[in-house]
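Engineer: Got a structure for you, written out below as structure tokens; questions coming shortly.
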Amino acid sequence: MAGTVTAEVTSASSIMAASSLFYFLLVPALVLWFVYWKLSRRHMLELAKTLPGPDGLPLVGNLLDLVGSSHSVFKTVVTKGEEYECVARLWLGPKLVVLLFDPRDVELILSSQVYIDKSHEYKFFKPWLGDGLLISSGHKWRSHRKLIAPTFHLNVLKSFIDLFNENSRQVVQRLNSEVGKTFDAHDYMSEATVEILLETAMGVSKKTQDQSGYDYAMAVMKMCDILHVRHRSLLLRANWIFNLTNYATKQVKLLSTIHGLTKKVIRNKKNAFMQGTRGSLAQTEIKTSEANLKAKMESVEGLSFGQSAGLKDDLDVDNEENDIGEKKRLAFLDLLLESAQNGALITDKEIKEQVDTIMFEGHDTTAAGSSFFLSMMGIHQDIQQKVVDELYGIFGDSNRPATFQDTLEMKYLERCLMETLRLYPPVPIIARQLKEDLKLASGDYVVPAGATVAVATFKLHRNEKNYPNPTQFNPDNFLPERQANRHYYAFVPFSAGPRSCVGRKYAMLKLKILLSTLLRNYRIYSDLKQEDFKLQADIILKREEGFMVRLEPRQQMAKA
Ligand code: HEM
């Protein structure tokens with residue numbers, strides 16, 4: 001008995017000794033780690049001190065500015081940003097974020113092959129988009145970009161024109177039930193853009209779609225809200241804390257809707273492949289002889305975004321690399337499935353990630369862009385009339401579908417679209433992680449390695465030096481002569497350089513057909529003015545109150 005007690009006492013005291021040794025070692029280990037952490041950040045802190053920026057509180061920095069509703073945060077950031085002309089430094093807890101607003105600095109970031117990695121904030125997309133084009137880096141990004149960019153080549157896009165027209169007419173029919181009422185145009189634009197993507201890039205016909213694009217679009221919107229909350233909250237950035245919250249449960253549910261659709265799309269397409277229906281939508285044989293290369297280059301220039309304003313288009317770099325020799329052009333999902341069958345280019349998991357990426361990037365951005373465009377037309381009746389006059393010049397009283405040539409003639413409509421993307425860029429922030437110091441061109445500043453650099457397109461596009469009276473909706477900002485005198489990086493709604501948007505020609509062609517069809521059929525009104533917009537600081541720029549407009553049918557497009 002006495003022996004047992006002695007043994008217990010001995011074992012208890014050895015546990016105590018071990019735990020005191022643990023604490024004895026833990027404290028110096030923590031101190032050492034803290035000293036190392038401090039020293040490793042010294043360079044960053046010293047350089048950060050030289051950058052202009054609002055004062056913050058100890059430990060949390062400027063995080064309190066990000067507390068509140070999406071709209072109030074947006075307003076606070078925009079108001080505080082007014083003080084800073086080219087660059088502003090923010091501390092989000094220990095995280096250094098440097099916002100750039102000067103085109104010369106924006107060029108250094110976006111045109112670079114070095115500052116090419118996305119910032120840590122993009123990792124919250126991972127459960128949704130995996131290692132898709134938007135967030136991947138290094139060899140994987142490069143090889144997949146090379147594979148995917150040509151699937152949005154002009155010759156593929158031209159084969160989508162009938163589907164763009166057909167879907168646009170269906171939107172016109174659906175909108176018939178809203179005539180005379182005030183309603184949120186974004187709901188219709190979201191549904192339409194999802195369905196158009198499914199039929200074109202994914203090549204899945206309407207008959208095989210048994211789930212509405214609307215459910216998918218709504219789930220995407222709610223997912224973006226969750227990601228945005230995580231961007232703003234220091235606590236929710238940690239996965240282990242996030243996973244304990246209600247947000248994580250919601251995310252699982254939303255992802256099951258989102259992935260449910262994309263999995264079904266791939267399954268349907270694979271079945272069609274097995275049955276021998278390959279590349280049914282967009283397969284085009286192209287012989288790149290010298291003569292048709294010339295013709296092709298001319299037509300590509302004809303569909304650069306901003307063709308009427310003479311903007312250069314760095315997408316051609318992607319396509320030039322792939323333009324050598326004789327080629328078979330396939331639409332996006334056809335090409336990915338064929339590449340997977342032919343060998344090692346892409347795995348099933350990677351196909352799924354790219355489909356999720358294109359479905360997201362391809363619909364939410366264009367839904368926002370088209371909804372802002374309709375709002376602008378509703379507010380600026382005189383400008384709407386000018387667009388309609390142009391369309392009358394092209395189509396007369398006919399309600400025939402638009403051809404590719406027609407879209408080239410929609411020069412004023414295109415200017416209105418670009419002006420919309422200037423004032424309301426659907427992607428209001430583009431962020432990169434700096435692995436090396438960056439010397440800015442706008443002033444004597446160096447942004448240190450380790451910082452997140454964010455191109456704030458919203459503010460960049462409203463710089464008075466580049467756009468006189470910058471908050472006014474003025475499509476003439478995109479007259480060729482005005483554009484020629486402006487820095488190329490003063491307008492980057494699709495980003496620019498090696499990581500620019502692969503879908504921008506697709507977006508421009510689709511938007512021109514969709515929006516011209518809507519304007520040929522309806523006159524649009526808005527009771528709210530631009531000053532009334534409650535813009536939301538979201539992943540994709542939105543209006544908190546919705547995109548409220550009213551419609552009246554146009555009997556014909558005759559001049560007013
Ligand atoms: C008005 C419409 C659109 C706008 C304003 C837009 C804007 C952008 C921007 C700013 C980026 C860079 C994002 C970043 O670096 O964080 C981007 C990338 C991307 N966009 Fe778009 N986009 C639009 C439409 C589309 C469409 C229709 C597609 C596909 C069908 C698409 C596919 C992509 C992809 C895959 C990327 C990632 C490219 C890469 O990192 O290599 N986008 N887009």
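Each chain of the structure tokens is named A, B, ... in the order shown, its residues numbered from 1; ligands are numbered from 1 in display order.
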Taking only C-alpha atoms and all ligand atoms into account, which residues have an atom no farther than 8 Å from ligand 1? I'd like them as a ChimeraX atom specification.

Structural biologist: /A:118,132-136,141-142,145,152,197,201,354,357-370,421,425-432,492-496,498-508

Engineer: What's the 12 Å shell around Leu227 of chain A, counting only C-alpha atoms, without same-chain residues fewer than 2 positions away, as a count of residues only?

Structural biologist: 30

Engineer: May I ask for the distance between atom CA of Ser526 of chain A and atom CA of Tyr412 of chain A, given in Å to one decimal place?

Structural biologist: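 Distance reported for this atom pair: 20.6 Å.
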
Engineer: If you run DSSP over the backbone, which residues in segment 73-224 of chain A end up strand (DSSP E or B)? Put them as a JSON list (two decimals) with C-alpha atoms, in the first residue's frame.

Structural biologist:
```json
[["chain", "number", "residue", "atom", "x", "y", "z"],
["A", 87, "VAL", "CA", -0.17, 55.93, -52.77],
["A", 88, "ALA", "CA", -1.63, 55.13, -49.33],
["A", 89, "ARG", "CA", -0.36, 52.80, -46.63],
["A", 90, "LEU", "CA", -2.71, 50.84, -44.35],
["A", 91, "TRP", "CA", -2.02, 48.52, -41.43],
["A", 92, "LEU", "CA", -4.54, 45.71, -41.04],
["A", 95, "LYS", "CA", -0.42, 43.20, -42.25],
["A", 96, "LEU", "CA", 0.90, 46.01, -44.46],
["A", 97, "VAL", "CA", -1.32, 46.95, -47.40],
["A", 98, "VAL", "CA", -0.20, 49.59, -49.92],
["A", 99, "LEU", "CA", -2.83, 51.04, -52.25],
["A", 100, "LEU", "CA", -1.68, 52.43, -55.60],
["A", 118, "LYS", "CA", -1.73, 37.02, -56.06],
["A", 182, "THR", "CA", -39.38, 49.16, -60.59],
["A", 183, "PHE", "CA", -37.20, 46.05, -60.28],
["A", 184, "ASP", "CA", -33.60, 44.91, -59.72]]
```

Engineer: Could you check which of A:Asp187, A:Glu199, A:Glu85, A:Glu531 is closest to Phe547 of chain A, using only C-alpha atoms?

Structural biologist: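 Closest residue, counting only C-alpha atoms: A:Asp187.
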
Engineer: Quick one: everything within 12 Å of Arg174 of chain A, counting only C-alpha atoms, minus sequence neighbours fewer than 6 positions away in the same chain. Send it as a short mmCIF file (atom, residue, chain, number, x, y, z; two decimals) with N, CA and C atoms, in the first residue's frame.

Structural biologist:
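Okay, out_25.cif is ready:
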```
data_model
loop_
_atom_site.label_atom_id
_atom_site.label_comp_id
_atom_site.auth_asym_id
_atom_site.auth_seq_id
_atom_site.Cartn_x
_atom_site.Cartn_y
_atom_site.Cartn_z
N ASN A 167 -30.01 34.05 -76.45
CA ASN A 167 -30.17 34.28 -75.01
C ASN A 167 -30.61 35.71 -74.71
N SER A 168 -30.13 36.66 -75.50
CA SER A 168 -30.52 38.06 -75.26
C SER A 168 -32.02 38.22 -75.52
N ALA A 185 -32.45 45.00 -61.86
CA ALA A 185 -31.97 44.44 -63.13
C ALA A 185 -30.88 43.39 -62.91
N ASP A 187 -30.72 40.84 -60.96
CA ASP A 187 -31.22 39.45 -60.91
C ASP A 187 -31.29 38.87 -62.31
N TYR A 188 -31.79 39.67 -63.24
CA TYR A 188 -31.93 39.18 -64.63
C TYR A 188 -30.58 39.04 -65.31
N MET A 189 -29.70 39.99 -65.04
CA MET A 189 -28.38 39.96 -65.68
C MET A 189 -27.56 38.76 -65.16
N GLU A 191 -28.72 35.84 -63.97
CA GLU A 191 -29.25 34.59 -64.52
C GLU A 191 -28.82 34.44 -65.99
N ALA A 192 -28.95 35.56 -66.72
CA ALA A 192 -28.62 35.50 -68.15
C ALA A 192 -27.14 35.19 -68.36
N LEU A 518 -31.38 44.65 -75.56
CA LEU A 518 -32.27 45.22 -74.54
C LEU A 518 -32.69 46.64 -74.93
#
```

Engineer: Go through segment 138-290 of chain A and collect every residue that DSSP, computed from the backbone, puts in helix (DSSP H, G or I); the answer should be as a VMD selection string.

Structural biologist: chain A and resid 138 to 152 154 to 158 161 to 178 185 to 199 206 to 208 213 to 232 235 to 237 239 to 242 246 to 274 290

Engineer: For segment 374-384 of chain A, list every protein, DNA or RNA residue within 9 Å, evaluated using only C-alpha atoms, and leave out those in the same chain fewer than 4 positions away; present the list as a list in words.

Structural biologist: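 Near neighbours after the sequence-gap exclusion: Ala185, Gly369, Ser370, Val388, Asp389, Leu413, Cys416, Thr420, Phe473, Asn474, Pro475, Leu515, Leu519, Arg523, Ile524, Tyr525, Ser526, Asp527, Leu528, Lys529, Gln530, Phe547, Met548, Val549, Arg550 and Leu551 of chain A.
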
Engineer: What would the file look like if the residues just selected were written as a PDB file, in the first residue's frame with N, CA and C atoms?

Structural biologist:
```pdb
ATOM      1  N   ALA A 185     -32.451  44.996 -61.857  1.00  0.00           N
ATOM      2  CA  ALA A 185     -31.965  44.439 -63.131  1.00  0.00           C
ATOM      3  C   ALA A 185     -30.881  43.385 -62.912  1.00  0.00           C
ATOM      4  N   GLY A 369     -21.266  44.592 -64.595  1.00  0.00           N
ATOM      5  CA  GLY A 369     -21.015  45.573 -65.667  1.00  0.00           C
ATOM      6  C   GLY A 369     -22.295  45.926 -66.400  1.00  0.00           C
ATOM      7  N   SER A 370     -23.093  44.917 -66.760  1.00  0.00           N
ATOM      8  CA  SER A 370     -24.308  45.205 -67.527  1.00  0.00           C
ATOM      9  C   SER A 370     -25.347  45.911 -66.650  1.00  0.00           C
ATOM     10  N   VAL A 388     -29.401  54.656 -78.865  1.00  0.00           N
ATOM     11  CA  VAL A 388     -30.519  54.111 -79.646  1.00  0.00           C
ATOM     12  C   VAL A 388     -30.455  54.637 -81.089  1.00  0.00           C
ATOM     13  N   ASP A 389     -30.077  55.895 -81.254  1.00  0.00           N
ATOM     14  CA  ASP A 389     -29.917  56.447 -82.615  1.00  0.00           C
ATOM     15  C   ASP A 389     -28.867  55.657 -83.389  1.00  0.00           C
ATOM     16  N   LEU A 413     -22.072  52.917 -78.297  1.00  0.00           N
ATOM     17  CA  LEU A 413     -22.459  51.999 -77.220  1.00  0.00           C
ATOM     18  C   LEU A 413     -21.203  51.497 -76.508  1.00  0.00           C
ATOM     19  N   CYS A 416     -19.934  54.020 -74.143  1.00  0.00           N
ATOM     20  CA  CYS A 416     -20.757  54.060 -72.925  1.00  0.00           C
ATOM     21  C   CYS A 416     -20.398  52.898 -72.003  1.00  0.00           C
ATOM     22  N   THR A 420     -18.833  53.194 -68.324  1.00  0.00           N
ATOM     23  CA  THR A 420     -19.433  52.508 -67.171  1.00  0.00           C
ATOM     24  C   THR A 420     -18.356  51.746 -66.403  1.00  0.00           C
ATOM     25  N   PHE A 473     -20.609  60.991 -65.781  1.00  0.00           N
ATOM     26  CA  PHE A 473     -20.677  59.939 -66.800  1.00  0.00           C
ATOM     27  C   PHE A 473     -20.547  60.589 -68.171  1.00  0.00           C
ATOM     28  N   ASN A 474     -19.389  60.424 -68.782  1.00  0.00           N
ATOM     29  CA  ASN A 474     -19.128  61.101 -70.049  1.00  0.00           C
ATOM     30  C   ASN A 474     -18.462  60.153 -71.051  1.00  0.00           C
ATOM     31  N   PRO A 475     -19.249  59.511 -71.908  1.00  0.00           N
ATOM     32  CA  PRO A 475     -18.690  58.533 -72.857  1.00  0.00           C
ATOM     33  C   PRO A 475     -17.593  59.123 -73.742  1.00  0.00           C
ATOM     34  N   LEU A 515     -26.750  44.017 -74.465  1.00  0.00           N
ATOM     35  CA  LEU A 515     -27.239  45.357 -74.122  1.00  0.00           C
ATOM     36  C   LEU A 515     -27.905  46.038 -75.311  1.00  0.00           C
ATOM     37  N   LEU A 519     -31.726  47.437 -75.397  1.00  0.00           N
ATOM     38  CA  LEU A 519     -32.054  48.828 -75.738  1.00  0.00           C
ATOM     39  C   LEU A 519     -32.911  48.930 -76.994  1.00  0.00           C
ATOM     40  N   ARG A 523     -37.097  51.084 -73.448  1.00  0.00           N
ATOM     41  CA  ARG A 523     -36.519  52.334 -72.944  1.00  0.00           C
ATOM     42  C   ARG A 523     -36.336  52.130 -71.440  1.00  0.00           C
ATOM     43  N   ILE A 524     -35.202  52.567 -70.921  1.00  0.00           N
ATOM     44  CA  ILE A 524     -34.875  52.303 -69.507  1.00  0.00           C
ATOM     45  C   ILE A 524     -34.955  53.608 -68.715  1.00  0.00           C
ATOM     46  N   TYR A 525     -35.505  53.523 -67.516  1.00  0.00           N
ATOM     47  CA  TYR A 525     -35.589  54.684 -66.617  1.00  0.00           C
ATOM     48  C   TYR A 525     -34.997  54.319 -65.261  1.00  0.00           C
ATOM     49  N   SER A 526     -34.470  55.342 -64.596  1.00  0.00           N
ATOM     50  CA  SER A 526     -34.029  55.120 -63.208  1.00  0.00           C
ATOM     51  C   SER A 526     -34.505  56.293 -62.370  1.00  0.00           C
ATOM     52  N   ASP A 527     -35.102  56.012 -61.211  1.00  0.00           N
ATOM     53  CA  ASP A 527     -35.544  57.112 -60.332  1.00  0.00           C
ATOM     54  C   ASP A 527     -34.398  57.619 -59.473  1.00  0.00           C
ATOM     55  N   LEU A 528     -33.352  56.790 -59.324  1.00  0.00           N
ATOM     56  CA  LEU A 528     -32.209  57.218 -58.509  1.00  0.00           C
ATOM     57  C   LEU A 528     -31.137  57.827 -59.395  1.00  0.00           C
ATOM     58  N   LYS A 529     -30.357  58.727 -58.805  1.00  0.00           N
ATOM     59  CA  LYS A 529     -29.236  59.356 -59.527  1.00  0.00           C
ATOM     60  C   LYS A 529     -27.938  58.688 -59.073  1.00  0.00           C
ATOM     61  N   GLN A 530     -26.841  59.006 -59.776  1.00  0.00           N
ATOM     62  CA  GLN A 530     -25.559  58.412 -59.396  1.00  0.00           C
ATOM     63  C   GLN A 530     -25.206  58.713 -57.931  1.00  0.00           C
ATOM     64  N   PHE A 547     -29.997  47.223 -58.338  1.00  0.00           N
ATOM     65  CA  PHE A 547     -29.896  48.038 -59.557  1.00  0.00           C
ATOM     66  C   PHE A 547     -31.315  48.320 -60.052  1.00  0.00           C
ATOM     67  N   MET A 548     -31.979  49.260 -59.359  1.00  0.00           N
ATOM     68  CA  MET A 548     -33.412  49.461 -59.584  1.00  0.00           C
ATOM     69  C   MET A 548     -33.654  50.301 -60.842  1.00  0.00           C
ATOM     70  N   VAL A 549     -34.380  49.729 -61.796  1.00  0.00           N
ATOM     71  CA  VAL A 549     -34.725  50.446 -63.031  1.00  0.00           C
ATOM     72  C   VAL A 549     -36.185  50.166 -63.398  1.00  0.00           C
ATOM     73  N   ARG A 550     -36.677  50.920 -64.372  1.00  0.00           N
ATOM     74  CA  ARG A 550     -38.027  50.675 -64.931  1.00  0.00           C
ATOM     75  C   ARG A 550     -37.912  50.556 -66.434  1.00  0.00           C
ATOM     76  N   LEU A 551     -38.828  49.815 -67.043  1.00  0.00           N
ATOM     77  CA  LEU A 551     -38.763  49.630 -68.492  1.00  0.00           C
ATOM     78  C   LEU A 551     -40.075  50.044 -69.141  1.00  0.00           C
TER      79      LEU A 551
END
```

Engineer: Of the candidates A:Tyr392, A:Phe332, A:Phe24, A:Trp240, which shows the shortest atom-to-atom distance to His153 of chain A, using only C-alpha atoms?

Structural biologist: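 Selected residue with least distance to His153 of chain A: A:Phe332.
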